[in-house]
>>> print(open('coords_35.pdb').read())   # PDB, C-alpha atoms, pLDDT in the B column
ATOM      1  CA  MET A 514      76.302 107.698 118.963  1.00 44.00           C
ATOM      2  CA  GLY A 515      76.996 106.543 122.480  1.00 48.00           C
ATOM      3  CA  ARG A 516      80.212 106.542 124.403  1.00 52.00           C
ATOM      4  CA  PHE A 517      83.186 105.070 122.629  1.00 52.00           C
ATOM      5  CA  GLU A 518      84.846 102.213 124.457  1.00 62.00           C
ATOM      6  CA  GLY A 519      88.483 103.220 124.870  1.00 63.00           C
ATOM      7  CA  GLY A 520      90.064 102.437 121.575  1.00 84.00           C
ATOM      8  CA  GLN A 521      88.073  99.405 120.457  1.00 89.00           C
ATOM      9  CA  ALA A 522      86.197 101.378 117.798  1.00 91.00           C
ATOM     10  CA  ALA A 523      89.453 102.799 116.455  1.00 92.00           C
ATOM     11  CA  ILE A 524      91.027  99.352 116.266  1.00 94.00           C
ATOM     12  CA  ARG A 525      87.948  97.946 114.497  1.00 95.00           C
ATOM     13  CA  MET A 526      88.055 100.801 112.031  1.00 96.00           C
ATOM     14  CA  ALA A 527      91.806 100.330 111.563  1.00 97.00           C
ATOM     15  CA  VAL A 528      91.211  96.719 110.551  1.00 97.00           C
ATOM     16  CA  GLY A 529      88.552  97.813 108.059  1.00 97.00           C
ATOM     17  CA  VAL A 530      90.777 100.544 106.606  1.00 98.00           C
ATOM     18  CA  LEU A 531      93.683  98.108 106.273  1.00 98.00           C
ATOM     19  CA  LEU A 532      91.342  95.713 104.456  1.00 98.00           C
ATOM     20  CA  LEU A 533      90.486  98.601 102.129  1.00 98.00           C
ATOM     21  CA  ALA A 534      94.224  99.066 101.554  1.00 98.00           C
ATOM     22  CA  ALA A 535      94.518  95.390 100.605  1.00 98.00           C
ATOM     23  CA  LEU A 536      91.593  95.694  98.185  1.00 97.00           C
ATOM     24  CA  ALA A 537      93.130  98.826  96.690  1.00 97.00           C
ATOM     25  CA  GLY A 538      96.386  96.897  96.275  1.00 96.00           C
ATOM     26  CA  ALA A 539      94.564  94.192  94.329  1.00 95.00           C
ATOM     27  CA  TRP A 540      92.816  96.860  92.243  1.00 94.00           C
ATOM     28  CA  GLU A 541      96.181  98.507  91.569  1.00 94.00           C
ATOM     29  CA  LEU A 542      97.668  95.171  90.511  1.00 93.00           C
ATOM     30  CA  LEU A 543      94.898  94.710  87.974  1.00 92.00           C
ATOM     31  CA  ALA A 544      95.256  98.306  86.785  1.00 91.00           C
ATOM     32  CA  ARG A 545      98.970  97.753  86.130  1.00 91.00           C
ATOM     33  CA  GLN A 546      98.424  94.828  83.766  1.00 90.00           C
ATOM     34  CA  ALA A 547      99.590  95.225  80.181  1.00 87.00           C
ATOM     35  CA  PRO A 548      97.046  96.230  77.545  1.00 85.00           C
ATOM     36  CA  GLY A 549      95.786  93.131  75.808  1.00 82.00           C
ATOM     37  CA  SER A 550      96.014  91.067  78.982  1.00 82.00           C
ATOM     38  CA  VAL A 551      92.884  89.298  80.153  1.00 84.00           C
ATOM     39  CA  LEU A 552      93.171  91.144  83.490  1.00 82.00           C
ATOM     40  CA  TYR A 553      93.711  94.622  81.980  1.00 80.00           C
ATOM     41  CA  LEU A 554      91.265  97.193  83.390  1.00 79.00           C
ATOM     42  CA  GLY A 555      92.236 100.250  81.365  1.00 78.00           C
ATOM     43  CA  VAL A 556      92.403 102.661  84.316  1.00 83.00           C
ATOM     44  CA  THR A 557      95.227 104.827  85.596  1.00 88.00           C
ATOM     45  CA  PRO A 558      97.025 102.904  88.378  1.00 91.00           C
ATOM     46  CA  GLU A 559      98.732 105.824  90.148  1.00 94.00           C
ATOM     47  CA  PRO A 560      95.595 107.294  91.799  1.00 94.00           C
ATOM     48  CA  ILE A 561      94.718 103.772  92.948  1.00 95.00           C
ATOM     49  CA  ALA A 562      98.198 103.484  94.445  1.00 96.00           C
ATOM     50  CA  ALA A 563      97.567 106.798  96.233  1.00 95.00           C
ATOM     51  CA  LEU A 564      94.370 105.281  97.694  1.00 97.00           C
ATOM     52  CA  ARG A 565      96.315 102.215  98.845  1.00 97.00           C
ATOM     53  CA  GLU A 566      98.987 104.374 100.474  1.00 97.00           C
ATOM     54  CA  LEU A 567      96.444 106.640 102.181  1.00 97.00           C
ATOM     55  CA  ALA A 568      94.447 103.671 103.479  1.00 98.00           C
ATOM     56  CA  THR A 569      97.596 101.981 104.782  1.00 98.00           C
ATOM     57  CA  THR A 570      98.786 105.144 106.539  1.00 98.00           C
ATOM     58  CA  LEU A 571      95.419 105.979 108.087  1.00 98.00           C
ATOM     59  CA  GLY A 572      94.853 102.353 109.082  1.00 98.00           C
ATOM     60  CA  LEU A 573      98.158 102.173 110.933  1.00 98.00           C
ATOM     61  CA  LEU A 574      97.576 105.554 112.603  1.00 97.00           C
ATOM     62  CA  LEU A 575      94.086 104.448 113.689  1.00 97.00           C
ATOM     63  CA  PHE A 576      95.586 101.290 115.153  1.00 96.00           C
ATOM     64  CA  VAL A 577      98.090 103.366 117.152  1.00 95.00           C
ATOM     65  CA  ALA A 578      95.317 105.738 118.251  1.00 95.00           C
ATOM     66  CA  GLY A 579      93.170 102.821 119.366  1.00 93.00           C
ATOM     67  CA  ALA A 580      96.008 101.272 121.329  1.00 92.00           C
ATOM     68  CA  LEU A 581      96.772 104.523 123.171  1.00 91.00           C
ATOM     69  CA  MET A 582      93.309 106.063 123.484  1.00 90.00           C
ATOM     70  CA  ARG A 583      92.266 104.519 126.793  1.00 85.00           C
ATOM     71  CA  TRP A 584      95.489 105.628 128.466  1.00 85.00           C
ATOM     72  CA  ALA A 585      95.488 109.091 126.880  1.00 89.00           C
ATOM     73  CA  PHE A 586      91.918 109.944 127.852  1.00 88.00           C
ATOM     74  CA  ALA A 587      91.601 107.777 130.972  1.00 82.00           C
ATOM     75  CA  GLY A 588      88.698 105.945 129.341  1.00 77.00           C
ATOM     76  CA  SER A 589      86.601 107.106 126.428  1.00 82.00           C
ATOM     77  CA  PRO A 590      87.765 109.990 124.233  1.00 88.00           C
ATOM     78  CA  PRO A 591      85.743 113.182 123.862  1.00 92.00           C
ATOM     79  CA  ARG A 592      83.174 112.973 121.091  1.00 92.00           C
ATOM     80  CA  TRP A 593      84.965 115.554 118.914  1.00 94.00           C
ATOM     81  CA  VAL A 594      88.169 113.495 118.966  1.00 94.00           C
ATOM     82  CA  ALA A 595      86.311 110.345 117.933  1.00 93.00           C
ATOM     83  CA  VAL A 596      84.426 112.180 115.193  1.00 94.00           C
ATOM     84  CA  GLY A 597      87.653 113.783 113.986  1.00 96.00           C
ATOM     85  CA  LEU A 598      89.477 110.472 113.815  1.00 96.00           C
ATOM     86  CA  TYR A 599      86.724 108.313 112.357  1.00 96.00           C
ATOM     87  CA  GLY A 600      84.881 110.895 110.277  1.00 97.00           C
ATOM     88  CA  GLY A 601      88.055 112.488 108.980  1.00 98.00           C
ATOM     89  CA  ALA A 602      89.498 109.157 107.910  1.00 98.00           C
ATOM     90  CA  LEU A 603      86.255 108.123 106.215  1.00 98.00           C
ATOM     91  CA  LEU A 604      85.887 111.456 104.412  1.00 98.00           C
ATOM     92  CA  ALA A 605      89.471 111.427 103.144  1.00 97.00           C
ATOM     93  CA  LEU A 606      89.250 107.790 102.044  1.00 98.00           C
ATOM     94  CA  ALA A 607      85.903 108.294 100.312  1.00 97.00           C
ATOM     95  CA  ALA A 608      87.224 111.303  98.394  1.00 96.00           C
ATOM     96  CA  GLN A 609      90.396 109.426  97.456  1.00 96.00           C
ATOM     97  CA  ALA A 610      88.401 106.369  96.336  1.00 96.00           C
ATOM     98  CA  TYR A 611      86.145 108.552  94.200  1.00 95.00           C
ATOM     99  CA  GLY A 612      89.207 110.226  92.718  1.00 93.00           C
ATOM    100  CA  ALA A 613      90.910 106.901  92.063  1.00 94.00           C
ATOM    101  CA  SER A 614      87.851 105.602  90.233  1.00 92.00           C
ATOM    102  CA  GLY A 615      88.074 108.580  87.884  1.00 89.00           C
ATOM    103  CA  GLY A 616      91.849 108.780  87.568  1.00 87.00           C
ATOM    104  CA  MET A 617      92.302 111.752  89.934  1.00 87.00           C
ATOM    105  CA  TYR A 618      94.861 112.039  92.697  1.00 81.00           C
ATOM    106  CA  GLY A 619      92.873 114.488  94.795  1.00 80.00           C
ATOM    107  CA  ILE A 620      95.748 116.970  94.866  1.00 78.00           C
ATOM    108  CA  GLN A 621      94.688 119.234  91.990  1.00 75.00           C
ATOM    109  CA  LEU A 622      93.151 122.487  93.157  1.00 72.00           C
ATOM    110  CA  GLN A 623      92.359 123.528  89.606  1.00 74.00           C
ATOM    111  CA  ASP A 624      91.609 121.078  86.849  1.00 74.00           C
ATOM    112  CA  LEU A 625      89.518 120.864  83.710  1.00 74.00           C
ATOM    113  CA  ARG A 626      87.239 118.398  85.491  1.00 80.00           C
ATOM    114  CA  ALA A 627      84.428 119.931  87.490  1.00 80.00           C
ATOM    115  CA  ASP A 628      84.742 117.346  90.264  1.00 85.00           C
ATOM    116  CA  ALA A 629      88.459 117.886  90.928  1.00 87.00           C
ATOM    117  CA  LEU A 630      87.910 120.761  93.365  1.00 89.00           C
ATOM    118  CA  PRO A 631      85.332 118.908  95.533  1.00 91.00           C
ATOM    119  CA  VAL A 632      87.611 115.850  95.666  1.00 92.00           C
ATOM    120  CA  PHE A 633      90.483 118.077  96.790  1.00 93.00           C
ATOM    121  CA  ILE A 634      88.359 119.888  99.394  1.00 94.00           C
ATOM    122  CA  PHE A 635      86.763 116.772 100.912  1.00 96.00           C
ATOM    123  CA  LYS A 636      90.015 114.823 100.986  1.00 96.00           C
ATOM    124  CA  HIS A 637      91.940 117.584 102.701  1.00 96.00           C
ATOM    125  CA  LEU A 638      89.130 118.508 105.098  1.00 97.00           C
ATOM    126  CA  GLY A 639      89.069 114.870 106.172  1.00 98.00           C
ATOM    127  CA  LEU A 640      92.825 114.801 106.597  1.00 98.00           C
ATOM    128  CA  MET A 641      92.760 118.039 108.596  1.00 98.00           C
ATOM    129  CA  ALA A 642      90.031 116.720 110.910  1.00 98.00           C
ATOM    130  CA  PHE A 643      91.998 113.500 111.386  1.00 98.00           C
ATOM    131  CA  ALA A 644      95.219 115.422 112.080  1.00 98.00           C
ATOM    132  CA  VAL A 645      93.609 117.734 114.657  1.00 98.00           C
ATOM    133  CA  ALA A 646      92.097 114.795 116.531  1.00 97.00           C
ATOM    134  CA  PHE A 647      95.330 112.776 116.322  1.00 97.00           C
ATOM    135  CA  PHE A 648      97.372 115.731 117.611  1.00 97.00           C
ATOM    136  CA  GLU A 649      94.965 116.065 120.550  1.00 96.00           C
ATOM    137  CA  LEU A 650      95.599 112.396 121.314  1.00 95.00           C
ATOM    138  CA  ALA A 651      99.351 113.003 121.113  1.00 95.00           C
ATOM    139  CA  ARG A 652      99.067 116.112 123.303  1.00 95.00           C
ATOM    140  CA  ARG A 653      97.175 114.154 125.950  1.00 93.00           C
ATOM    141  CA  ILE A 654      99.760 111.377 125.879  1.00 91.00           C
ATOM    142  CA  LEU A 655     102.661 113.787 126.221  1.00 91.00           C
ATOM    143  CA  SER A 656     101.017 115.719 129.067  1.00 90.00           C
ATOM    144  CA  ARG A 657     100.342 112.635 131.218  1.00 83.00           C
ATOM    145  CA  PRO A 658     102.943 111.425 133.681  1.00 79.00           C
ATOM    146  CA  PRO A 659     104.788 108.309 132.554  1.00 73.00           C
ATOM    147  CA  PRO A 660     103.392 105.016 133.808  1.00 69.00           C
ATOM    148  CA  THR A 661     105.020 103.625 136.936  1.00 76.00           C
ATOM    149  CA  VAL A 662     106.663 100.248 136.782  1.00 72.00           C
TER     150      VAL A 662
END
>>> encode(input="coords_35.pdb", output="structure tokens")
Amino acid sequence: MGRFEGGQAAIRMAVGVLLLAALAGAWELLARQAPGSVLYLGVTPEPIAALRELATTLGLLLFVAGALMRWAFAGSPPRWVAVGLYGGALLALAAQAYGASGGMYGIQLQDLRADALPVFIFKHLGLMAFAVAFFELARRILSRPPPTV
């Protein structure tokens, strides 16, 4: 991985994550159809809605991070911040998507399913990595002098 150009990578990823949110919304719509309907999928819609909400939230936060990254870091961000933002978002979304495909929210620490604990761990590790990197971005923004007009 080379240097990251300001916030362009974050904005590109934000667009992709928001597209994932739109796809999850369509999936949720199909999951909420009445049994017997031609469009009925027979899956639990609430974990899919959780995926849509997570993708929307992370997509909007990535867009904000991309818009402010060049100013916060005076150019490209440190590698650990970029990895925390991008890798954390991808890890959390992948865990949530896996959970949604199996009817899991990703919030159960103990469950009868063997894969509930890994979904929980990967989702929350991703969210923690994202949060640490996002807070570093916020710290940098708050410690810089305000722009002159």
>>> atom_distance(input="coords_35.pdb", atom1="atom CA of Tyr599 of chain A", atom2="atom CA of Leu655 of chain A")
21.8 Å
>>> residues_around(input="coords_35.pdb", residues="Ala608 of chain A", least_positions_apart="4", cutoff="9 Å", atoms="all atoms listed in the file", output="list of chain:residue names")
A:Leu603, A:Leu604, A:Gly612, A:Ala613, A:Gly619, A:Pro631, A:Val632, A:Phe633, A:Ile634, A:Phe635, A:Lys636, A:His637, A:Gly639
>>> closest_residue(input="coords_35.pdb", among="A:Leu640, A:Leu571, A:Ala595, A:Val556", to="Gly615 of chain A", atoms="all atoms listed in the file")
A:Val556
>>> atom_distance(input="coords_35.pdb", atom1="atom CA of Val594 of chain A", atom2="atom CA of Ala646 of chain A")
4.8 Å
>>> residues_around(input="coords_35.pdb", residues="segment 579-584 of chain A", least_positions_apart="3", cutoff="7 Å", atoms="all atoms listed in the file", output="ChimeraX atom specification")
/A:519-521,523-524,575-576,587-590
>>> closest_residue(input="coords_35.pdb", among="A:Ala585, A:Leu567, A:Leu536, A:Leu543", to="Arg653 of chain A", atoms="all atoms listed in the file")
A:Ala585
>>> closest_residue(input="coords_35.pdb", among="A:Ala568, A:Ala629, A:Ala563, A:Leu573", to="Glu541 of chain A", atoms="only C-alpha atoms")
A:Ala563
>>> closest_residue(input="coords_35.pdb", among="A:Gly597, A:Leu532, A:Tyr553, A:Ala547", to="Phe647 of chain A", atoms="only C-alpha atoms")
A:Gly597
>>> axis_aligned_box(input="coords_35.pdb", around="segment 563-578 of chain A", padding_each_side="4 Å", output="lines of an AutoDock Vina configuration file")
center_x = 96.5
center_y = 104.0
center_z = 107.2
size_x = 12.9
size_y = 13.5
size_z = 30.0
>>> atom_distance(input="coords_35.pdb", atom1="atom CA of Phe648 of chain A", atom2="atom CA of Ala537 of chain A")
27.2 Å
>>> resolve_selection(input="coords_35.pdb", expression="the PyMOL selection byres ((chain A and resi 558) around 6)", output="JSON, numbers by chain")
{"A": [541, 544, 545, 557, 559, 560, 561]}
>>> closest_residue(input="coords_35.pdb", among="A:Leu564, A:Val596, A:Ala578, A:Leu542", to="Arg525 of chain A", atoms="only C-alpha atoms")
A:Ala578
>>> decode(input="coords_35.pdb", residues="segment 611-649 of chain A", atoms="C-alpha atoms", output="JSON list (two decimals), in the first residue's frame")
[["chain", "number", "residue", "atom", "x", "y", "z"],
["A", 611, "TYR", "CA", -22.15, -12.78, 7.53],
["A", 612, "GLY", "CA", -24.38, -12.47, 10.59],
["A", 613, "ALA", "CA", -27.25, -11.05, 8.55],
["A", 614, "SER", "CA", -27.04, -13.95, 6.11],
["A", 615, "GLY", "CA", -27.51, -16.35, 9.01],
["A", 616, "GLY", "CA", -30.02, -14.34, 11.02],
["A", 617, "MET", "CA", -27.54, -13.07, 13.64],
["A", 618, "TYR", "CA", -27.22, -9.52, 14.88],
["A", 619, "GLY", "CA", -23.59, -9.80, 15.89],
["A", 620, "ILE", "CA", -24.34, -8.64, 19.43],
["A", 621, "GLN", "CA", -24.63, -12.03, 21.14],
["A", 622, "LEU", "CA", -21.56, -12.94, 23.15],
["A", 623, "GLN", "CA", -22.97, -16.36, 23.98],
["A", 624, "ASP", "CA", -25.31, -18.24, 21.71],
["A", 625, "LEU", "CA", -26.13, -21.81, 20.79],
["A", 626, "ARG", "CA", -24.53, -21.22, 17.39],
["A", 627, "ALA", "CA", -20.81, -21.83, 17.22],
["A", 628, "ASP", "CA", -20.25, -18.89, 14.88],
["A", 629, "ALA", "CA", -21.94, -16.27, 17.07],
["A", 630, "LEU", "CA", -18.81, -15.53, 19.12],
["A", 631, "PRO", "CA", -16.52, -14.99, 16.08],
["A", 632, "VAL", "CA", -19.13, -12.70, 14.49],
["A", 633, "PHE", "CA", -19.29, -10.69, 17.72],
["A", 634, "ILE", "CA", -15.49, -10.51, 18.07],
["A", 635, "PHE", "CA", -14.76, -9.53, 14.45],
["A", 636, "LYS", "CA", -17.57, -6.98, 14.30],
["A", 637, "HIS", "CA", -16.53, -5.25, 17.49],
["A", 638, "LEU", "CA", -12.80, -5.41, 16.75],
["A", 639, "GLY", "CA", -13.55, -3.69, 13.45],
["A", 640, "LEU", "CA", -15.67, -1.06, 15.15],
["A", 641, "MET", "CA", -12.99, -0.45, 17.79],
["A", 642, "ALA", "CA", -10.28, -0.04, 15.13],
["A", 643, "PHE", "CA", -12.53, 2.36, 13.22],
["A", 644, "ALA", "CA", -13.33, 4.34, 16.38],
["A", 645, "VAL", "CA", -9.67, 4.68, 17.42],
["A", 646, "ALA", "CA", -8.69, 5.94, 13.97],
["A", 647, "PHE", "CA", -11.70, 8.27, 13.77],
["A", 648, "PHE", "CA", -10.93, 9.71, 17.22],
["A", 649, "GLU", "CA", -7.34, 10.36, 16.11]]
